[in-house]
>>> print(open('query_27.cif').read())   # mmCIF, C-alpha atoms and all ligand atoms
data_data
loop_
_atom_site.label_atom_id
_atom_site.label_comp_id
_atom_site.auth_asym_id
_atom_site.auth_seq_id
_atom_site.Cartn_x
_atom_site.Cartn_y
_atom_site.Cartn_z
CA MET A 1 11.50 23.89 -8.03
CA ALA A 2 10.44 21.00 -5.81
CA ASN A 3 12.58 18.49 -3.97
CA ILE A 4 11.99 15.05 -5.43
CA ILE A 5 10.97 12.47 -2.81
CA ASP A 6 13.06 9.38 -3.49
CA GLY A 7 10.73 6.45 -2.78
CA LYS A 8 13.40 3.93 -3.68
CA ALA A 9 15.82 5.33 -1.11
CA VAL A 10 13.20 5.59 1.66
CA SER A 11 11.97 2.08 0.87
CA ALA A 12 15.52 0.70 0.96
CA ARG A 13 16.00 2.29 4.38
CA VAL A 14 12.75 0.78 5.70
CA LYS A 15 13.67 -2.65 4.33
CA GLU A 16 17.11 -2.38 5.90
CA GLU A 17 15.54 -1.71 9.30
CA ILE A 18 13.16 -4.66 8.82
CA ALA A 19 16.07 -6.92 7.82
CA LYS A 20 17.97 -5.95 10.97
CA GLU A 21 14.99 -6.55 13.22
CA THR A 22 14.19 -9.83 11.45
CA ALA A 23 17.73 -11.08 12.00
CA ALA A 24 17.54 -10.11 15.67
CA VAL A 25 14.14 -11.76 16.18
CA LYS A 26 15.29 -14.92 14.39
CA ALA A 27 18.45 -15.13 16.47
CA LYS A 28 16.74 -14.45 19.79
CA TYR A 29 13.59 -16.55 19.38
CA GLY A 30 14.68 -19.13 16.79
CA ILE A 31 11.69 -18.44 14.55
CA ASN A 32 11.19 -18.11 10.83
CA ILE A 33 8.99 -15.46 9.26
CA GLY A 34 6.90 -16.55 6.28
CA LEU A 35 4.71 -14.78 3.73
CA ALA A 36 2.36 -16.74 1.46
CA VAL A 37 1.70 -15.04 -1.86
CA VAL A 38 -1.26 -16.30 -3.86
CA ILE A 39 -1.70 -15.40 -7.52
CA VAL A 40 -4.56 -16.65 -9.67
CA GLY A 41 -4.27 -16.50 -13.46
CA ASP A 42 -1.56 -14.91 -15.57
CA ASP A 43 -2.09 -11.15 -15.49
CA PRO A 44 1.36 -9.79 -16.45
CA ALA A 45 1.19 -6.78 -14.07
CA SER A 46 0.21 -9.04 -11.16
CA ARG A 47 3.09 -11.37 -12.03
CA ILE A 48 5.56 -8.49 -11.77
CA TYR A 49 4.10 -7.34 -8.44
CA VAL A 50 4.27 -10.88 -7.04
CA ASN A 51 7.86 -11.33 -8.19
CA ASN A 52 8.79 -8.04 -6.52
CA LYS A 53 7.10 -9.11 -3.28
CA LYS A 54 9.03 -12.41 -3.31
CA LYS A 55 12.27 -10.53 -3.97
CA ALA A 56 11.57 -8.19 -1.05
CA CYS A 57 11.00 -11.22 1.23
CA GLU A 58 14.47 -12.46 0.30
CA THR A 59 15.99 -9.02 0.96
CA VAL A 60 14.61 -8.80 4.50
CA GLY A 61 15.14 -12.47 5.41
CA PHE A 62 11.60 -13.89 5.20
CA THR A 63 10.60 -17.16 3.58
CA SER A 64 8.09 -16.66 0.78
CA TYR A 65 5.67 -19.36 -0.33
CA GLU A 66 4.22 -18.83 -3.76
CA TYR A 67 0.91 -20.37 -4.80
CA ALA A 68 0.43 -19.73 -8.52
CA LEU A 69 -3.02 -21.04 -9.40
CA SER A 70 -4.54 -21.43 -12.85
CA ALA A 71 -7.09 -18.88 -14.12
CA GLU A 72 -9.71 -21.67 -13.93
CA THR A 73 -9.34 -22.12 -10.17
CA THR A 74 -12.75 -22.32 -8.49
CA GLN A 75 -13.88 -20.25 -5.52
CA GLU A 76 -13.97 -23.39 -3.40
CA GLU A 77 -10.40 -24.38 -4.31
CA LEU A 78 -9.13 -20.89 -3.47
CA LEU A 79 -11.00 -20.81 -0.15
CA GLN A 80 -9.60 -24.25 0.69
CA LEU A 81 -6.06 -23.01 0.09
CA ILE A 82 -6.63 -19.94 2.28
CA ASP A 83 -8.07 -22.15 5.02
CA LYS A 84 -4.92 -24.28 4.85
CA LEU A 85 -2.68 -21.18 5.01
CA ASN A 86 -4.70 -19.75 7.90
CA LYS A 87 -3.83 -22.89 9.87
CA ASP A 88 -0.19 -23.15 8.75
CA ASP A 89 2.22 -22.10 11.54
CA ASN A 90 4.99 -21.34 9.02
CA VAL A 91 2.83 -18.68 7.39
CA ASN A 92 2.65 -15.35 9.22
CA GLY A 93 1.12 -13.33 6.41
CA ILE A 94 -1.20 -14.17 3.51
CA LEU A 95 -1.40 -12.00 0.43
CA VAL A 96 -3.85 -12.73 -2.36
CA GLN A 97 -2.84 -10.64 -5.35
CA LEU A 98 -5.73 -8.60 -6.72
CA PRO A 99 -7.53 -8.31 -9.07
CA LEU A 100 -8.80 -11.88 -9.16
CA PRO A 101 -10.32 -13.38 -12.33
CA LYS A 102 -13.94 -12.22 -12.77
CA HIS A 103 -15.58 -15.52 -11.79
CA LEU A 104 -14.10 -15.32 -8.28
CA ASP A 105 -15.72 -13.41 -5.42
CA GLU A 106 -13.00 -11.05 -4.22
CA LYS A 107 -14.88 -9.91 -1.14
CA ALA A 108 -15.51 -13.47 0.07
CA VAL A 109 -11.83 -14.29 -0.49
CA ILE A 110 -10.64 -11.27 1.53
CA ASN A 111 -13.11 -12.12 4.30
CA SER A 112 -11.77 -15.68 4.49
CA ILE A 113 -8.21 -14.58 5.36
CA SER A 114 -7.54 -14.69 9.07
CA PRO A 115 -7.35 -11.03 10.26
CA GLU A 116 -4.13 -11.93 12.13
CA LYS A 117 -2.49 -12.88 8.80
CA ASP A 118 -4.12 -10.16 6.68
CA VAL A 119 -0.94 -8.21 5.90
CA ASP A 120 -2.76 -6.15 3.23
CA ALA A 121 -5.14 -4.90 5.95
CA PHE A 122 -8.10 -5.47 3.61
CA HIS A 123 -10.21 -7.61 5.98
CA PRO A 124 -13.19 -5.71 7.47
CA VAL A 125 -11.81 -6.32 10.99
CA ASN A 126 -8.56 -4.56 10.08
CA VAL A 127 -10.37 -1.83 8.13
CA GLY A 128 -12.50 -1.18 11.22
CA LYS A 129 -9.41 -0.99 13.42
CA ILE A 130 -7.92 1.61 11.09
CA MET A 131 -11.10 3.68 11.48
CA ILE A 132 -10.75 3.77 15.29
CA GLY A 133 -6.98 4.24 15.18
CA GLU A 134 -6.13 0.97 16.96
CA TYR A 135 -4.39 -0.99 14.30
CA SER A 136 -1.72 -3.67 14.08
CA PHE A 137 -1.54 -3.59 10.29
CA LEU A 138 -1.45 -0.42 8.30
CA PRO A 139 -2.75 -0.57 4.73
CA CYS A 140 0.44 -0.77 2.69
CA THR A 141 0.12 2.12 0.23
CA PRO A 142 -1.21 4.73 2.69
CA ALA A 143 1.35 3.62 5.29
CA GLY A 144 4.11 4.01 2.71
CA ILE A 145 2.85 7.49 1.88
CA MET A 146 2.96 8.45 5.58
CA GLU A 147 6.62 7.38 5.63
CA LEU A 148 7.31 9.53 2.56
CA ILE A 149 5.60 12.55 4.11
CA THR A 150 7.59 12.00 7.33
CA SER A 151 10.79 11.86 5.28
CA THR A 152 10.17 15.45 4.11
CA GLY A 153 10.13 16.76 7.69
CA VAL A 154 6.82 18.53 6.99
CA GLU A 155 4.43 18.29 9.93
CA ILE A 156 0.87 17.07 9.22
CA LYS A 157 -0.76 18.46 12.37
CA GLY A 158 -3.24 21.23 11.53
CA LYS A 159 -2.43 21.20 7.80
CA GLU A 160 -4.93 21.19 4.96
CA CYS A 161 -4.72 17.67 3.55
CA VAL A 162 -6.59 16.87 0.36
CA VAL A 163 -6.97 13.28 -0.82
CA VAL A 164 -8.21 12.85 -4.38
CA GLY A 165 -9.75 9.36 -4.67
CA ARG A 166 -11.95 7.35 -2.30
CA SER A 167 -10.95 3.74 -2.94
CA ASN A 168 -10.95 1.22 -0.11
CA ILE A 169 -7.28 0.44 -0.80
CA VAL A 170 -5.87 3.99 -0.87
CA GLY A 171 -8.19 7.03 -0.60
CA LYS A 172 -10.28 6.06 2.42
CA PRO A 173 -7.53 4.62 4.65
CA MET A 174 -5.16 7.44 3.58
CA SER A 175 -7.67 10.00 4.81
CA MET A 176 -7.90 8.18 8.15
CA LEU A 177 -4.12 8.09 8.66
CA LEU A 178 -3.85 11.82 7.92
CA LEU A 179 -6.75 12.48 10.29
CA HIS A 180 -5.05 10.43 13.03
CA GLN A 181 -2.07 12.78 12.64
CA SER A 182 -4.44 15.75 13.15
CA GLY A 183 -4.54 16.91 9.53
CA THR A 184 -7.68 18.69 8.33
CA VAL A 185 -8.77 16.24 5.66
CA THR A 186 -10.88 16.73 2.54
CA ILE A 187 -11.71 13.75 0.33
CA CYS A 188 -12.37 14.53 -3.33
CA HIS A 189 -13.66 12.11 -5.97
CA SER A 190 -15.12 11.87 -9.45
CA LYS A 191 -18.30 13.74 -8.48
CA THR A 192 -16.49 16.60 -6.70
CA GLN A 193 -17.45 20.00 -8.06
CA ASP A 194 -14.44 22.19 -8.77
CA LEU A 195 -11.64 19.80 -7.96
CA ALA A 196 -9.07 22.51 -8.71
CA GLN A 197 -10.40 24.78 -5.98
CA HIS A 198 -10.02 22.00 -3.38
CA CYS A 199 -6.55 21.01 -4.58
CA ARG A 200 -5.35 24.62 -4.42
CA LYS A 201 -6.06 24.69 -0.67
CA ALA A 202 -3.91 21.64 0.03
CA ASP A 203 -0.67 21.85 2.01
CA ILE A 204 -0.48 18.09 1.55
CA LEU A 205 -2.05 16.68 -1.62
CA VAL A 206 -2.42 12.94 -2.25
CA VAL A 207 -3.77 11.91 -5.65
CA ALA A 208 -4.96 8.32 -6.21
CA VAL A 209 -7.50 8.12 -9.00
CA GLY A 210 -5.88 6.45 -12.00
CA VAL A 211 -6.40 9.35 -14.41
CA PRO A 212 -3.17 10.38 -16.19
CA LYS A 213 -2.06 13.94 -15.37
CA LEU A 214 -5.42 14.88 -13.79
CA VAL A 215 -3.77 17.37 -11.43
CA SER A 216 -1.68 20.11 -13.06
CA GLY A 217 0.60 22.78 -11.63
CA ASP A 218 -2.10 25.48 -11.69
CA MET A 219 -4.13 23.33 -9.22
CA ILE A 220 -1.30 23.21 -6.70
CA LYS A 221 -0.61 25.61 -3.84
CA GLU A 222 2.87 27.11 -3.74
CA GLY A 223 5.02 24.97 -1.42
CA ALA A 224 2.63 22.00 -1.15
CA VAL A 225 3.76 18.40 -0.59
CA VAL A 226 2.44 16.41 -3.56
CA ILE A 227 2.10 12.62 -3.45
CA ASP A 228 1.21 10.90 -6.72
CA VAL A 229 -0.18 7.36 -6.34
CA GLY A 230 -1.10 7.04 -10.03
CA MET A 231 0.51 4.36 -12.15
CA ASN A 232 -0.90 4.80 -15.63
CA ARG A 233 0.48 3.14 -18.74
CA LEU A 234 0.36 5.55 -21.69
CA GLU A 235 -0.04 4.49 -25.32
CA ASN A 236 3.69 5.06 -25.88
CA GLY A 237 4.35 2.45 -23.17
CA LYS A 238 5.59 5.00 -20.63
CA LEU A 239 4.38 5.10 -17.04
CA CYS A 240 2.74 8.29 -15.89
CA GLY A 241 1.14 9.44 -12.65
CA ASP A 242 -2.13 11.21 -11.85
CA VAL A 243 -0.18 14.46 -11.47
CA ASP A 244 1.39 16.39 -14.33
CA PHE A 245 4.90 16.19 -12.90
CA ASP A 246 6.54 18.88 -15.06
CA SER A 247 4.13 21.68 -14.15
CA ALA A 248 3.56 20.44 -10.57
CA LYS A 249 7.23 20.43 -9.65
CA GLU A 250 7.37 24.18 -10.28
CA LYS A 251 4.84 24.78 -7.48
CA ALA A 252 5.39 21.98 -4.94
CA SER A 253 8.02 21.98 -2.20
CA PHE A 254 8.23 18.17 -2.33
CA ILE A 255 6.86 15.81 -4.97
CA THR A 256 6.97 12.06 -5.68
CA PRO A 257 8.01 10.89 -9.13
CA VAL A 258 6.29 8.07 -11.07
CA PRO A 259 7.82 5.56 -11.09
CA GLY A 260 10.13 5.59 -8.06
CA GLY A 261 7.87 7.38 -5.58
CA VAL A 262 4.99 5.64 -3.85
CA GLY A 263 5.37 2.28 -5.66
CA PRO A 264 8.50 1.00 -3.88
CA MET A 265 7.05 1.96 -0.49
CA THR A 266 4.02 -0.32 -0.75
CA ILE A 267 6.12 -3.48 -0.75
CA ALA A 268 8.32 -2.23 2.09
CA MET A 269 5.21 -1.72 4.23
CA LEU A 270 3.98 -5.20 3.32
CA MET A 271 7.22 -6.53 4.76
CA LYS A 272 6.70 -4.43 7.87
CA ASN A 273 3.19 -5.86 8.35
CA THR A 274 4.49 -9.41 7.94
CA LEU A 275 7.13 -8.81 10.61
CA THR A 276 4.43 -7.31 12.86
CA ALA A 277 2.21 -10.38 12.32
CA ALA A 278 5.07 -12.69 13.34
CA LYS A 279 5.89 -10.58 16.40
CA ILE A 280 2.26 -10.57 17.57
CA LYS A 281 1.97 -14.33 17.03
CA HIS A 282 5.03 -14.99 19.15
CA GLY A 283 4.25 -12.33 21.76
CA ILE A 284 7.35 -10.28 20.89
CA GLU A 285 7.24 -6.58 21.83
N1 LIG B 1 -3.15 -5.30 -6.40
C1 LIG B 1 -2.79 -4.00 -6.53
N2 LIG B 1 -2.39 -3.52 -5.34
C2 LIG B 1 -2.48 -4.52 -4.45
C3 LIG B 1 -2.20 -4.62 -3.07
O1 LIG B 1 -1.76 -3.69 -2.39
N3 LIG B 1 -2.41 -5.84 -2.52
C4 LIG B 1 -2.91 -6.89 -3.23
N4 LIG B 1 -3.12 -8.03 -2.59
N5 LIG B 1 -3.19 -6.83 -4.51
C5 LIG B 1 -2.97 -5.65 -5.12
#
>>> encode(input="query_27.cif", output="structure tokens", more="lines below")
Ligand code: GUN
Amino acid sequence: MANIIDGKAVSARVKEEIAKETAAVKAKYGINIGLAVVIVGDDPASRIYVNNKKKACETVGFTSYEYALSAETTQEELLQLIDKLNKDDNVNGILVQLPLPKHLDEKAVINSISPEKDVDAFHPVNVGKIMIGEYSFLPCTPAGIMELITSTGVEIKGKECVVVGRSNIVGKPMSMLLLHQSGTVTICHSKTQDLAQHCRKADILVVAVGVPKLVSGDMIKEGAVVIDVGMNRLENGKLCGDVDFDSAKEKASFITPVPGGVGPMTIAMLMKNTLTAAKIKHGIE
């Protein structure tokens, strides 16, 4: 029976550390730390995420600036706002909540954010830095997962790490972070032949595909660390991960629940990146 990795507890600890450091930085240098959160349209899930991000800012002592734009906002209007935020000294981090309404060009929007304020680490400059292992900002979800793995005390070095999913937001950067810690990394995806065979080799298994219960207990090696990034809404309204928790927990040594696993970590790492952005701007070590 696996130990359950408590994402809420780890995230609270990370936020507590950030709050302490923020208070110290504010007191010593007399600066404020600000995060601009931009939301376009009225997607209910995005609204919840944005509210949680604002709440987290309050918890750690940042100022949050919300820009809630109508679903009809044009590309030019959005780019103008980002340009303004890029130049605003009160804003250390800029977060544009994704997905954007279909008529907007997401890639162009991401590219317009100053890399120094790109606390999501989505800008190609920051993505490239992750590739070569010289980064200021870690992509929030993979960075949160690294914290969760660290919290188990399991060493990554030399281990078989299998990442299921190859998205730019999770799968690809996750694989890089595991590689930087000297894991032996396999990336699986929708075209992988015999997914089960790959999963069964994993000492550390990260699943981020958005398919409810794709990975079941029989696909998991005895004693593996299992990280479930899935957040799927079932017809009965319940949330469910990409891993079949009930069968997986019988095989894993550590496993994340959904909800309460990876989710809370993402926002904590966003706060960490915002603090990092402010420290770099002000030349604070
Ligand atoms: N939408 C879903 N996840 C994310 C994220 O990590 N950052 C942003 N900006 N939008 C998202």
>>> axis_aligned_box(input="query_27.cif", around="stretch 202-205 of chain A", padding_each_side="3 Å", output="AutoDock Vina command-line options")
--center_x -2.2 --center_y 19.3 --center_z 0.2 --size_x 9.4 --size_y 11.2 --size_z 9.6
>>> closest_atom_pairs(input="query_27.cif", of="chain A", to="ligand LIG 1 (chain B)", cutoff="8 Å", atoms="only C-alpha atoms and all ligand atoms", output="JSON lines")
{"residue": "A:Ser46", "atom": "CA", "partner": "B:LIG1", "partner_atom": "N1", "distance": 6.9}
{"residue": "A:Tyr49", "atom": "CA", "partner": "B:LIG1", "partner_atom": "N1", "distance": 7.8}
{"residue": "A:Leu95", "atom": "CA", "partner": "B:LIG1", "partner_atom": "N4", "distance": 5.3}
{"residue": "A:Val96", "atom": "CA", "partner": "B:LIG1", "partner_atom": "N4", "distance": 4.8}
{"residue": "A:Gln97", "atom": "CA", "partner": "B:LIG1", "partner_atom": "N4", "distance": 3.8}
{"residue": "A:Leu98", "atom": "CA", "partner": "B:LIG1", "partner_atom": "N5", "distance": 3.8}
{"residue": "A:Pro99", "atom": "CA", "partner": "B:LIG1", "partner_atom": "N1", "distance": 5.9}
{"residue": "A:Asp120", "atom": "CA", "partner": "B:LIG1", "partner_atom": "N3", "distance": 5.8}
{"residue": "A:Pro139", "atom": "CA", "partner": "B:LIG1", "partner_atom": "O1", "distance": 7.8}
{"residue": "A:Cys140", "atom": "CA", "partner": "B:LIG1", "partner_atom": "O1", "distance": 6.3}
{"residue": "A:Thr141", "atom": "CA", "partner": "B:LIG1", "partner_atom": "O1", "distance": 6.6}
{"residue": "A:Ile169", "atom": "CA", "partner": "B:LIG1", "partner_atom": "O1", "distance": 7.1}
{"residue": "A:Thr266", "atom": "CA", "partner": "B:LIG1", "partner_atom": "O1", "distance": 6.9}
>>> atom_distance(input="query_27.cif", atom1="atom CA of A:Ile94", atom2="atom CA of A:Val119")
6.4 Å
>>> atom_distance(input="query_27.cif", atom1="atom CA of A:Ser151", atom2="atom CA of A:Leu234")
29.6 Å
>>> residues_near_point(input="query_27.cif", point="(-9.6, -12.6, 3.0)", cutoff="10 Å", atoms="only C-alpha atoms", output="ChimeraX atom specification")
/A:79,82-83,86,94-96,106-115,117-118,120-124
>>> closest_residue(input="query_27.cif", among="A:Val229, A:Val163, A:Met271, A:Leu177", to="A:Pro259", atoms="all atoms listed in the file")
A:Val229
>>> residues_around(input="query_27.cif", residues="A:Glu160", least_positions_apart="6", cutoff="6 Å", atoms="all atoms listed in the file", output="compact mmCIF listing (two decimals) with C-alpha atoms, in the coordinates of the input")
# COMPACT_ATOMS: atom_id res chain seq x y z
CA THR A 184 -7.68 18.69 8.33
CA ALA A 202 -3.91 21.64 0.03
CA ASP A 203 -0.67 21.85 2.01
>>> residues_around(input="query_27.cif", residues="A:Gly34", least_positions_apart="5", cutoff="6 Å", atoms="all atoms listed in the file", output="PyMOL selection string")
chain A and resi 62-64+90-92
>>> write_last_selection(input="query_27.cif", atoms="C-alpha atoms", output="PDB file, in the frame of the given file")
ATOM      1  CA  PHE A  62      11.600 -13.890   5.200  1.00  0.00           C
ATOM      2  CA  THR A  63      10.600 -17.160   3.580  1.00  0.00           C
ATOM      3  CA  SER A  64       8.090 -16.660   0.780  1.00  0.00           C
ATOM      4  CA  ASN A  90       4.990 -21.340   9.020  1.00  0.00           C
ATOM      5  CA  VAL A  91       2.830 -18.680   7.390  1.00  0.00           C
ATOM      6  CA  ASN A  92       2.650 -15.350   9.220  1.00  0.00           C
TER       7      ASN A  92
END
>>> atom_distance(input="query_27.cif", atom1="atom CA of A:His180", atom2="atom CA of A:Ala208")
19.4 Å
>>> closest_residue(input="query_27.cif", among="A:Gly30, A:Gly153, A:Gly7, A:Gly158", to="A:Val262", atoms="only C-alpha atoms")
A:Gly7
>>> closest_residue(input="query_27.cif", among="A:Ala248, A:Ile145, A:Ile18, A:Leu179", to="A:Ile227", atoms="only C-alpha atoms")
A:Ile145
>>> residues_around(input="query_27.cif", residues="A:Cys188", least_positions_apart="6", cutoff="12 Å", atoms="all atoms listed in the file", output="VMD selection string")
chain A and resid 161 to 167 171 to 172 175 194 to 199 202 205 to 209
>>> closest_residue(input="query_27.cif", among="A:Glu17, A:Ser190, A:Lys84, A:Leu35", to="A:Ala277", atoms="all atoms listed in the file")
A:Leu35
>>> residues_around(input="query_27.cif", residues="A:Ile255", least_positions_apart="6", cutoff="9 Å", atoms="all atoms listed in the file", output="PDB file with C-alpha atoms, in the frame of the given file")
ATOM      1  CA  ALA A   2      10.440  21.000  -5.810  1.00  0.00           C
ATOM      2  CA  ASN A   3      12.580  18.490  -3.970  1.00  0.00           C
ATOM      3  CA  ILE A   4      11.990  15.050  -5.430  1.00  0.00           C
ATOM      4  CA  ILE A   5      10.970  12.470  -2.810  1.00  0.00           C
ATOM      5  CA  ALA A 224       2.630  22.000  -1.150  1.00  0.00           C
ATOM      6  CA  VAL A 225       3.760  18.400  -0.590  1.00  0.00           C
ATOM      7  CA  VAL A 226       2.440  16.410  -3.560  1.00  0.00           C
ATOM      8  CA  ILE A 227       2.100  12.620  -3.450  1.00  0.00           C
ATOM      9  CA  ASP A 228       1.210  10.900  -6.720  1.00  0.00           C
ATOM     10  CA  PHE A 245       4.900  16.190 -12.900  1.00  0.00           C
ATOM     11  CA  ALA A 248       3.560  20.440 -10.570  1.00  0.00           C
ATOM     12  CA  LYS A 249       7.230  20.430  -9.650  1.00  0.00           C
ATOM     13  CA  GLY A 261       7.870   7.380  -5.580  1.00  0.00           C
TER      14      GLY A 261
END
>>> closest_residue(input="query_27.cif", among="A:Asn168, A:Val60, A:Ile48, A:Leu100", to="A:Arg13", atoms="all atoms listed in the file")
A:Val60
>>> residues_around(input="query_27.cif", residues="A:Tyr135", least_positions_apart="4", cutoff="8 Å", atoms="all atoms listed in the file", output="JSON, numbers by chain")
{"A": [126, 129, 130]}
>>> build_atoms(input="query_27.cif", residues="stretch 109-120 of chain A", atoms="N, CA, C and O atoms", output="CSV table (one decimal), in the coordinates of the input")
chain,number,residue,atom,x,y,z
A,109,VAL,N,-13.2,-13.8,-0.6
A,109,VAL,CA,-11.8,-14.3,-0.5
A,109,VAL,C,-11.1,-13.5,0.6
A,109,VAL,O,-10.5,-14.0,1.5
A,110,ILE,N,-11.3,-12.1,0.5
A,110,ILE,CA,-10.6,-11.3,1.5
A,110,ILE,C,-11.2,-11.6,2.9
A,110,ILE,O,-10.4,-11.7,3.9
A,111,ASN,N,-12.5,-11.8,3.0
A,111,ASN,CA,-13.1,-12.1,4.3
A,111,ASN,C,-12.7,-13.5,4.9
A,111,ASN,O,-12.8,-13.7,6.1
A,112,SER,N,-12.2,-14.3,4.0
A,112,SER,CA,-11.8,-15.7,4.5
A,112,SER,C,-10.3,-15.7,5.1
A,112,SER,O,-9.9,-16.6,5.7
A,113,ILE,N,-9.6,-14.6,4.8
A,113,ILE,CA,-8.2,-14.6,5.4
A,113,ILE,C,-8.3,-14.2,6.8
A,113,ILE,O,-9.0,-13.3,7.2
A,114,SER,N,-7.6,-15.0,7.6
A,114,SER,CA,-7.5,-14.7,9.1
A,114,SER,C,-7.1,-13.3,9.3
A,114,SER,O,-6.0,-12.9,8.8
A,115,PRO,N,-7.8,-12.4,10.1
A,115,PRO,CA,-7.4,-11.0,10.3
A,115,PRO,C,-5.9,-10.9,10.8
A,115,PRO,O,-5.2,-10.0,10.5
A,116,GLU,N,-5.5,-11.9,11.6
A,116,GLU,CA,-4.1,-11.9,12.1
A,116,GLU,C,-3.1,-12.1,11.1
A,116,GLU,O,-1.9,-11.9,11.3
A,117,LYS,N,-3.5,-12.7,9.9
A,117,LYS,CA,-2.5,-12.9,8.8
A,117,LYS,C,-2.8,-12.0,7.6
A,117,LYS,O,-2.1,-12.1,6.6
A,118,ASP,N,-3.7,-11.0,7.8
A,118,ASP,CA,-4.1,-10.2,6.7
A,118,ASP,C,-3.2,-9.0,6.5
A,118,ASP,O,-3.5,-7.9,6.9
A,119,VAL,N,-2.0,-9.2,6.0
A,119,VAL,CA,-0.9,-8.2,5.9
A,119,VAL,C,-1.2,-7.1,4.9
A,119,VAL,O,-0.5,-6.1,4.9
A,120,ASP,N,-2.3,-7.2,4.1
A,120,ASP,CA,-2.8,-6.2,3.2
A,120,ASP,C,-3.7,-5.2,4.0
A,120,ASP,O,-3.9,-4.1,3.5
